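Colleague: Just passing along the structure, written as structure tokens.
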Amino acid sequence: MTAEPPDASLTAPYSIEFPYNRTVGEKIGTFLGGLRDGELYGVRTASGAVLCPALEFDPATAAPTGELVRLTPSGTVTHWTWVPTRPGDDIEADHFAWALIAIDGTEGALFHAVDTGGDPSRLTAGLRVAPRWRADRVGSIRDIVCFEPVEA
Amino acid sequence: MRDIAVVAFAQSPGTSADRRDDMAEILLPVMREALGSAGIDRTEVDFWASGSHDFHEGRTFAYIESLDAVGAWPPISESHVEMDAAWAAYEAWSWLQLGEGEIAVVYGVGRGSLATDLDQVTTTQLDPYFLAPLRPHQDALAALQAQALVAAGMLDEKQMAEVVVRARAAGMGEPGAQVSGEVTVDELLAAPYLASPLREHDRGPIGDAAAVLVLAAGDTARRLAGRPAWVRGADHRMDTHYPGTRDLTRVDTVTLAAAKAADQAGFAAREVQIAELHTEYSYQEPLLTNALELSGATVNPGGGPLVARPTTATGLIRIGAAAQHILSGRADRTLAHATSGPALQQNMICLLEGDR
């Protein structure tokens with residue numbers, strides 16, 4: 001063993017990746033494909049409710065979900081947390097919140113970032129929001145940069 | 001059901017970062033202490049189960065290194081869970097229930113300090129399509145749950161600070177504590193948000209530590225301990241992985257796991273004297289206490305995870321601490337809770353009892 005400072009073990013930078021292509025199936029595939037096209041899809045459960053994001057199984061009953069439903073891409077903030085921006089985040093410094101957003105006509109909520117222009121006091125339950133789409137979309141949840149407030 | 005008991009427990013001192021020792025070196029003294037207090041050597045152990053997380057070490061099968069502290073020659077019967085070692089304890093308990101052997105050793109090694117940015121690591125445990133690509137802050141989902149409770153009028157920031165004040169005072173003199181001391185609610189509420197409504201102190205401090213638990217069955221347990229801590233009931237339940245489909249103000253999996261454990265134990269959570277709760281965040285204590293109806297029990301008398309949260313060992317330490325109260329004669333009935341996944345997604349309840 002070579003001598004090391006007593007308080008330093010070996011360290012190296014992380015590189016975390018998932019370097020595989022994977023078929024995601026009809027439900028998630030349609031949802032992700034919709035994002036690439038700038039559209040939002042949900043999926044209908046046996047009880048008639050629509051879930052967004054589109055899940056393969058109903059979390060309430062574990063039954064397979066049914067038809068895919070094209071949604072109006074707007075929604076309402078239900079819960080939020082204001083957090084610091086990090087390197088690599090796509091929205092401006094000090095504009096960052098994570099939120100649960102109930103997409104119109106659906107049950108439950110979608111998790112995504114919300115940009116209120118740097119003003120945390122604008123985040124309230126009931127804030128109406130819509131997606132800010134990325135210009136070069138690839139079929140990823142990140143095709144939505146974030147949600148932002150819309151005028152009522 | 002076979003009678004299975006915790007007969008010994010040991011844990012390393014709480015440290016925020018141990019960069020001097022490797023995984024085996026952190027574990028070895030703790031392993032010696034636990035086996036020593038049970039009065040056994042390694043050849044008497046029928047089964048080994050461990051919990052740790054490769055991503056903290058940044059390489060696959062990192063836990064293999066910990067086997068240097070176990071002595072895996074000749075070949076041993078051994079298993080590993082890629083999560084908190086509380087789930088390894090559940091596996092070992094099930095293994096002993098099946099009658100496969102008499103003595104099992106469970107250990108957890110947490111090395112949460114190794115990641116420069118733990119946000120990189122924690123997001124890998126999330127849904128790979130809807131959550132992980134967004135790489136949410138490690139505290140974001142907990143903060144959403146706390147905010148949901150505040151919005152529902154079930155909690156306020158002062159109550160969260162009061163939990164921290166009590167935990168830090170309780171941690172004074174505890175070797176396992178990373179932080180402790182006398183602080184006031186006003187001091188705490190003056191701190192900036194980490195992820196609103198949570199502040200830094202509302203989150204248990206991540207650290208590096210090891211914990212070792214010795215389980216034994218029936219007469220073997222009676223031989224190895226003066227007063228075995230019998231695991232009378234154990235159950236774990238999990239909620240859906242996507243937080244947007246849950247009512248974050250409820251922890252029905254806790255209630256259900258507690259009811260199932262009570263069915264086995266013959267006594268309920270509310271009948272215990274001491275409860276060791278895996279509260280990774282301050283807001284979780286009132287939520288769990290209410291779900292378990294713990295009005296009469298002392299909760300986390302040593303400060304709990306809010307004074308030390310070694311990754312993948314914290315849940316096991318709850319079981320060990322709950323057992324220690326019985327082994328030492330401080331209590332007759334105790335409860336241990338462990339959690340895994342974002343915003344209390346998975347929950348385990350163990351009910352323990354000593355002979356009177």
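FYI, nothing fancy with the structure tokens labels: chains A, B, ... in order, residues from 1 per chain, ligands from 1 as they appear.
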Set out as a Markdown table a contact list for chain A and chain B with a cut-off of 8 Å, giving each residue of chain A that qualifies its closest atom pair and distance in Å to one decimal, counting only C-alpha atoms, ordered by chain and rising residue number.
Modeller:
```
| residue | atom | partner | partner_atom | distance |
| --- | --- | --- | --- | --- |
| A:Pro6 | CA | B:Arg20 | CA | 6.2 |
| A:Asp7 | CA | B:Arg20 | CA | 5.4 |
| A:Ala8 | CA | B:Arg19 | CA | 5.4 |
| A:Ser9 | CA | B:Arg19 | CA | 5.2 |
| A:Thr11 | CA | B:Leu114 | CA | 8.0 |
| A:Tyr14 | CA | B:Gly58 | CA | 6.6 |
| A:Ile16 | CA | B:Gln120 | CA | 7.4 |
| A:Pro53 | CA | B:Phe130 | CA | 7.5 |
| A:Pro59 | CA | B:Thr240 | CA | 6.1 |
| A:His79 | CA | B:Leu144 | CA | 6.0 |
| A:Trp80 | CA | B:Leu144 | CA | 5.7 |
| A:Thr81 | CA | B:Ser196 | CA | 5.0 |
| A:Trp82 | CA | B:Ser196 | CA | 5.3 |
| A:Val83 | CA | B:Ala195 | CA | 4.8 |
| A:Pro84 | CA | B:Ala195 | CA | 7.6 |
| A:Trp98 | CA | B:Ala140 | CA | 6.8 |
| A:Ala99 | CA | B:Leu144 | CA | 7.3 |
| A:Leu100 | CA | B:Gly244 | CA | 6.4 |
| A:Glu107 | CA | B:Thr245 | CA | 7.8 |
| A:Gly108 | CA | B:Thr245 | CA | 4.8 |
| A:Ala109 | CA | B:Gly244 | CA | 4.4 |
| A:Leu110 | CA | B:Gly244 | CA | 5.7 |
| A:Phe111 | CA | B:Gly244 | CA | 6.4 |
| A:His112 | CA | B:Leu134 | CA | 7.5 |
| A:Ser140 | CA | B:Tyr129 | CA | 7.4 |
| A:Ile141 | CA | B:Phe130 | CA | 6.0 |
| A:Arg142 | CA | B:Leu134 | CA | 6.5 |
```
Colleague: For segment 265-279 of chain B, please output as an MDAnalysis selection string all residues within 6 Å (counting only C-alpha atoms; exclusion window: fewer than 5 positions along the same chain).
Modeller: chainID B and resid 232:233 284:285 293:294 297:300 305 315 318 322 333:338
Colleague: With distances taken over only C-alpha atoms, which of B:Thr314, B:Gln11, B:Thr289, B:Ser16 is nearest to Pro205 of chain B?
Modeller: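 Looking at the shortest contact to Pro205 of chain B, the residue is B:Ser16.
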Colleague: To one decimal in Å, tell me the separation between atom CA of Ile40 of chain B and atom CA of Arg223 of chain B.
Modeller: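 Those two atoms sit 10.7 Å apart.
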Colleague: Using DSSP on the backbone coordinates, identify all residues within chain A classified as alpha helix (DSSP H); present the result as a PDB file with C-alpha atoms, in the first residue's frame.
Modeller:
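Wrote it out as selection.pdb, contents follow:
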```
ATOM      1  CA  GLY A  25     -44.832  -1.034 -24.102  1.00  0.00           C
ATOM      2  CA  GLU A  26     -48.048   0.483 -25.410  1.00  0.00           C
ATOM      3  CA  LYS A  27     -49.131   2.663 -22.500  1.00  0.00           C
ATOM      4  CA  ILE A  28     -45.849   4.269 -21.482  1.00  0.00           C
ATOM      5  CA  GLY A  29     -44.737   4.209 -25.131  1.00  0.00           C
ATOM      6  CA  THR A  30     -47.758   6.240 -26.238  1.00  0.00           C
ATOM      7  CA  PHE A  31     -47.236   8.642 -23.341  1.00  0.00           C
ATOM      8  CA  LEU A  32     -43.559   9.188 -24.185  1.00  0.00           C
ATOM      9  CA  GLY A  33     -44.293   9.347 -27.937  1.00  0.00           C
ATOM     10  CA  GLY A  34     -46.950  11.947 -27.170  1.00  0.00           C
ATOM     11  CA  LEU A  35     -44.415  14.063 -25.333  1.00  0.00           C
ATOM     12  CA  ARG A  36     -42.170  13.965 -28.405  1.00  0.00           C
TER      13      ARG A  36
END
```
Colleague: Can you pull out every residue within 8 Å of Ala113 of chain A, counting only C-alpha atoms, but drop anything in the same chain fewer than 5 positions away, and send it as a ChimeraX atom specification?
Modeller: /A:96-99,145-147
Colleague: Please produce a file of those selected residues containing C-alpha atoms, as a PDB file, in the first residue's frame.
Modeller:
```pdb
ATOM      1  CA  PHE A  96     -37.239  26.157  -9.087  1.00  0.00           C
ATOM      2  CA  ALA A  97     -40.045  24.188  -7.500  1.00  0.00           C
ATOM      3  CA  TRP A  98     -40.998  20.544  -7.733  1.00  0.00           C
ATOM      4  CA  ALA A  99     -44.723  20.002  -7.762  1.00  0.00           C
ATOM      5  CA  VAL A 145     -38.780  21.689 -19.493  1.00  0.00           C
ATOM      6  CA  CYS A 146     -41.170  22.613 -16.692  1.00  0.00           C
ATOM      7  CA  PHE A 147     -44.692  23.869 -16.114  1.00  0.00           C
TER       8      PHE A 147
END
```
Colleague: Given the choices A:Ile103, A:Val43, A:Ala49, A:Val150, which gets closest to Leu68 of chain A if the distance is worked out from only C-alpha atoms?
Modeller: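 For Leu68 of chain A, the nearest of the given residues is A:Val43.
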Colleague: DSSP on the backbone: which residues in segment 66-264 of chain B end up as strand (DSSP E or B)? Give the answer as a PyMOL selection string.
Modeller: chain B and resi 78-81+103-111+193-195+198-199+203+206-217+229-238
Colleague: Leaving out segment 174-187 of chain B and any residue of its chain fewer than 4 positions from it, which residues lie within 6 Å of it when counting only C-alpha atoms, given as a PDB file with C-alpha atoms, in the first residue's frame?
Modeller:
```pdb
ATOM      1  CA  PRO B  13     -20.349   5.213  16.630  1.00  0.00           C
ATOM      2  CA  GLY B  14     -22.236   7.668  14.424  1.00  0.00           C
ATOM      3  CA  THR B  15     -19.937   9.426  11.978  1.00  0.00           C
ATOM      4  CA  ALA B 161     -39.034  21.949  14.959  1.00  0.00           C
ATOM      5  CA  VAL B 165     -35.466  19.881  19.577  1.00  0.00           C
ATOM      6  CA  ARG B 168     -31.268  16.478  19.552  1.00  0.00           C
ATOM      7  CA  ALA B 169     -31.637  16.675  23.342  1.00  0.00           C
ATOM      8  CA  VAL B 307     -29.593  12.488  15.056  1.00  0.00           C
ATOM      9  CA  ALA B 308     -27.975   9.839  12.821  1.00  0.00           C
TER      10      ALA B 308
END
```
Colleague: Could you tell me how far atom CA of Leu351 of chain B sits from atom CA of Ala85 of chain B, in Å to one decimal place?
Modeller: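 Computing it gives 17.0 Å between the two atoms.
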Colleague: Under the rule that only C-alpha atoms are counted, which of B:Thr60, B:Gln324, B:Thr122, B:Thr43 is the nearest residue to Phe9 of chain B?
Modeller: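 Once distances to Phe9 of chain B are computed over only C-alpha atoms, the minimum belongs to B:Gln324.
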Colleague: Looking at B:Glu200, B:Glu102, B:Asp263, B:Asp332, which one is nearest to Asp355 of chain B, with distances taken over only C-alpha atoms?
Modeller: B:Asp332
